[in-house]
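One structure is given here, and the rest of the page talks about it.
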Amino acid sequence: MERKMEENAVRHVEAGSETGGEDALVGNVNKLTVSPPGYSGAPRKGHLVFDACFESGNLGRVDYISDFEFDLFIRPDTCNPRFRVWFNFTVENVRETQRVIFNVVNFSKTKSLYRDGMSPVVKSTSRPKWQRLPAKNVYYYRCPDHRRNYVMSFAFCFDREDDVYQFAYCYPYTYSRLQHYLASLERRNLPYLQREQLGLSVQQRRLDLLTITNSEHVSSEREKKLVFLTARVHPGESPASFICQGVIDFLVSQHPVAQILRDHVIFKIVPMLNPDGVYLGNYRCSLMGFDLNRHWQDPSPWAHPTLHAVKQLIVQMNQDPLVSLEFYIDVHAHSTMLNGFMYGNVFEDEERVQRQAVFPRLLCQNAPDFSFSNTSFNRDVVKAGTGRRFLGGLLDDSSYCYTLEVSFYSYMTAGSTAPVPYTEETYTKLGRNVARTFLDYYKLNNLIKDNRPTHIQSTEVVSKTGHSNAGKDTGVGRGTADRTKEQNPSVRN
């Protein structure tokens, strides 16, 4: 049964001290009842039952320390013991008012936003909306009892005996959730949206490709402008999926900016580059233990089939004289920094460097949580196999390749004194703001000459479910036409 995580594929043995635990972890816990040592008999209320054998679940081991304290071990990525960050598990058979301390003891990273106030997210069967734990209940420290590894401890009080509680590193966005979302889009029969299966993963999961454009208008233009966006090459970076969904929601909406963009630009979107890693609850790697974002130079059709298919498509489109591949954006989440920001490439040509800074500067105007000061341009050797670096070398000097990063935790806005934690909704809002920034860019450069009004007044943005978002802050209500009169932001100090 697929829900049981295809456990044979998940189970593997790690070697050496890299595991961060004394014994090898060989898969997710499966309805594990943790009773006091020496106890025999039927489990009592308060003998906690842990489970991570579900989609995107991750918990490898639980050690009983006392009635109120438990050590938790993250299961490393499949076939790669180096990465231990993502966790996602349930707890049941709790006693009302039972107080516990959970210690996550084998993180593979030392730097973490837990030092800066981040906390895990929690929900329960009677309260199905994810919420962050209070930061005052979370502690991140180097622990002498665990080889001086960094430990994240959090205190929690169970308040409803019949609830199943779920804890996660960040808001999960599963492969199944994506499939339901894409199916709901397909059912709307939008003439400007096409969904196709670009390929299959090693475990035969879909690699979806969305094309969003008004083909009648675009086909009449001599050269077709194309924007390519990918997400979830690193499976534990779930905020990337919320951003990607925000981009899609905006582009298929009836917002005037979206309508103009569809008339002039082809958007190609791969929402989940690593579906196996997402399904299995990995943080960084594919089923076979590969960090796919280091294999763009020579992806294998059998070991990296999803990456191979996407690269083939991009190379093919780049060779089409009628297509101008103008943007490639790969969406990620960042475990140590705040806000949204971008990474770009370094070029010898100073004019190209300045042009590359235009889009992030415009995004900074549209999205209060986006930081241009955190945006940087580099040519680190360690990043040579990434999509941004490889495609930056492959495409011509009129193309721009970026990595869009967003914090797992929070953002600071101008004038704010404390970080504002991200929610599923604010991640999605950043995606909408990314989408509408393309029109600012094209109008600024006189590449789109369309004088239709782009303000929303009585017009309402319709969500993917068909319900109106009127009265809500959609993040897409500012006028773009006025901003195109501003000075070219690439030459601002």
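Each chain of the structure tokens is named A, B, ... in the order shown, its residues numbered from 1; ligands are numbered from 1 in display order.
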
Do you have, as a tab-separated table, the list of residues of stretch 364-464 of chain A lying at most 9 Å from stretch 170-176 of chain A, each with its nearest atom pair and that distance in Å to one decimal, counting only C-alpha atoms and ordered by chain then number?
residue	atom	partner	partner_atom	distance
A:Phe408	CA	A:Cys170	CA	6.9
A:Tyr409	CA	A:Cys170	CA	8.3
A:Thr423	CA	A:Tyr171	CA	8.2
A:Glu424	CA	A:Tyr171	CA	7.1

Requested in this report: Name the residues in contact with stretch 44-59 of chain A at a cut-off of 6 Å, using only C-alpha atoms, excluding same-chain residues fewer than 4 positions from it; report them as JSON, numbers by chain.
Outcome: {"A": [3, 4, 28, 29, 30, 31, 32, 33, 34, 35, 74, 75, 87, 88, 89, 90, 91, 92, 93, 94, 95, 278, 279, 280, 281]}

Query raised in the report: Near stretch 193-198 of chain A, within 10 Å and counting only C-alpha atoms, which residues show up once chain neighbours fewer than 3 positions away are dropped, as number ranges by chain?
Result: A: 182-183, 185-186, 188-190, 205-215, 248, 251-252, 262, 267-270, 306, 309-310, 313

Query - Among listed residues A:Thr110, A:Leu307, A:Phe158, A:Pro128, nearest A:Gln98 (using only C-alpha atoms) - result: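 When distances to A:Gln98 are compared using only C-alpha atoms, the smallest one comes from A:Phe158.
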
Report task. Determine which residues of stretch 154-299 of chain A DSSP labels as strand (DSSP E) from the backbone of this structure, then write them out as a PyMOL selection string. Result -> chain A and resi 154-157+165-168+193-200+206-212+224-231+265-270

**Report entry** Between atom CA of A:Gly277 and atom CA of A:Ile101 - distance in Å to one decimal
**Finding:**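 Result for atom CA of A:Ile101 versus atom CA of A:Gly277: 29.1 Å, one decimal.
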
Query raised in the report: Looking only at the backbone, which of the residues in stretch 141-356 of chain A does DSSP tag as alpha helix (DSSP H), as a PyMOL selection string?
Result: chain A and resi 175-187+215-218+239-251+256-264+275-280+305-318+350-356
